[in-house]
Structures are given as C-alpha cells and as structure tokens.
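Some notes on the structure that comes next.
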Amino acid sequence: MCPEPRRALYWDHCHSHDLFRGPLCVKCNNSEGTRGFIDRPGAVEHLLQCTDCRAQRTLPLQHHADIVRRLAVSEPHAACTHELSWRWFYVEDDGSVVARFQCYQHQPELAWSVTVPSDAVKLLVRRFVDEAIDSGL
C-alpha cells in the first residue's frame with residue numbers, strides 16, 4: 001500500500017472477524033484504523049483480504065463513517081448555495097453515523113448534526129464494497 005516500498009513488520013488482521021489480511025509496514029498498520037484510511041491507494045483492496053468482510057460485503061465499523069462521508073447525500077441548508085463542510089463524524093454503538101456539518105459563509109457560522117441510521121449505513125457500506133469488488137478487487 002505504501003507509495004515507496006517499506007519492510008512489512010506486522011501481520012494485519014480484521015478486528016471484526018479476527019482473520020489475517022496480510023503483512024503491513026508500521027506506518028500502514030498504525031493508520032489502518034484512522035479517518036481517511038479508505039482513501040489511500042490499495043487500502044480497500046487490503047481490507048477486503050478478510051474473507052468474511054468480502055463474503056458479508058462489509059468493512060470494519062471504524063471505516064463506516066468514511067464511507068458515509070463519501071456516499072451519503074447531504075441536504076443543503078436553508079437557501080444556501082455554499083458547499084457543506086464536514087466538521088467531524090463518528091460511528092455510534094448501534095452502527096448509526098453522526099455527522100456534524102458547518103457552513104463558514106454565515107455569521108455567526110451555522111453548525112448542525114445529522115444522524116444516518118444504522119440500516120442506511122449498512123446499505124451504503126454494502127454498496128461501497130460491491131462497487132469495489134465489481135471494479136476488479
């Protein structure tokens with residue numbers, strides 16, 4: 001996954017299914033659970049080395065907020081044409097994702113939260129994984 005080759009020192013595993021995915025370098029192993037990991041080249045392919053994730057068309061929970069950020073359609077706020085800014089987002093215990101939005105173009109600035117229910121999150125994750133697999137992973 002690294003743009004420049006590094007020595008793979010860790011056997012990465014899926015924390016959801018306790019299955020090994022393959023070797024990773026220190027940097028990639030440490031970043032696997034962080035925000036934006038799925039945007040790295042080769043990251044989704046690596047995550048789908050877990051045979052249970054692939055079979056169940058899912059990814060570990062820590063990546064669900066990034067998938068929602070990428071795929072969810074956000075409604076614009078009242079009569080504003082400015083692009084929304086994601087301030088933060090996280091996965092709740094029930095699998096729903098809470099997203100906090102902000103629009104810096106207003107004084108005082110507007111900020112609000114939206115909760116994507118767990119059923120909708122599961123559908124977005126499945127769509128994301130299906131598209132990744134269909135693209136040849």
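Chain identifiers are assigned as A, B, and so on, following the order in which chains appear in the structure tokens; residues are numbered from 1 within each chain, and ligands are numbered from 1 in order of appearance.
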Item to check | Close residues, Ser135 (chain A) itself excluded, 12 Å, only C-alpha atoms, min 6 positions apart in chain, as a PyMOL selection string | outcome: chain A and resi 44-45+128-129
Mind writing the picked residues with N, CA, C and O atoms as a compact mmCIF listing (two decimals), in the first residue's frame?
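Result file result25.txt:
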```txt
# COMPACT_ATOMS: atom_id res chain seq x y z
N VAL A 44 -8.66 -0.29 0.37
CA VAL A 44 -9.89 -1.09 0.33
C VAL A 44 -9.56 -2.51 -0.11
O VAL A 44 -10.09 -3.49 0.45
N GLU A 45 -8.68 -2.63 -1.08
CA GLU A 45 -8.25 -3.97 -1.52
C GLU A 45 -7.65 -4.75 -0.34
O GLU A 45 -7.95 -5.92 -0.15
N PHE A 128 -20.71 0.37 -1.28
CA PHE A 128 -19.29 0.70 -1.41
C PHE A 128 -18.46 -0.55 -1.68
O PHE A 128 -17.63 -0.58 -2.60
N VAL A 129 -18.69 -1.60 -0.91
CA VAL A 129 -17.93 -2.85 -1.07
C VAL A 129 -18.27 -3.51 -2.40
O VAL A 129 -17.38 -3.98 -3.11
```
Next on the checklist: DSSP on the backbone: which residues in chain A end up as helix (DSSP H, G or I)? Give the answer as an NGL selection string.
Outcome noted: :A and (26-31 or 37-39 or 43-47 or 51-56 or 61-71 or 118-134)
Next on the checklist: Could you tell me how far CA of Ser16 (chain A) sits from CA of Arg35 (chain A), in Å to one decimal place?
Outcome noted: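 About the pair CA of Arg35 (chain A) and CA of Ser16 (chain A): they are 17.2 Å apart.
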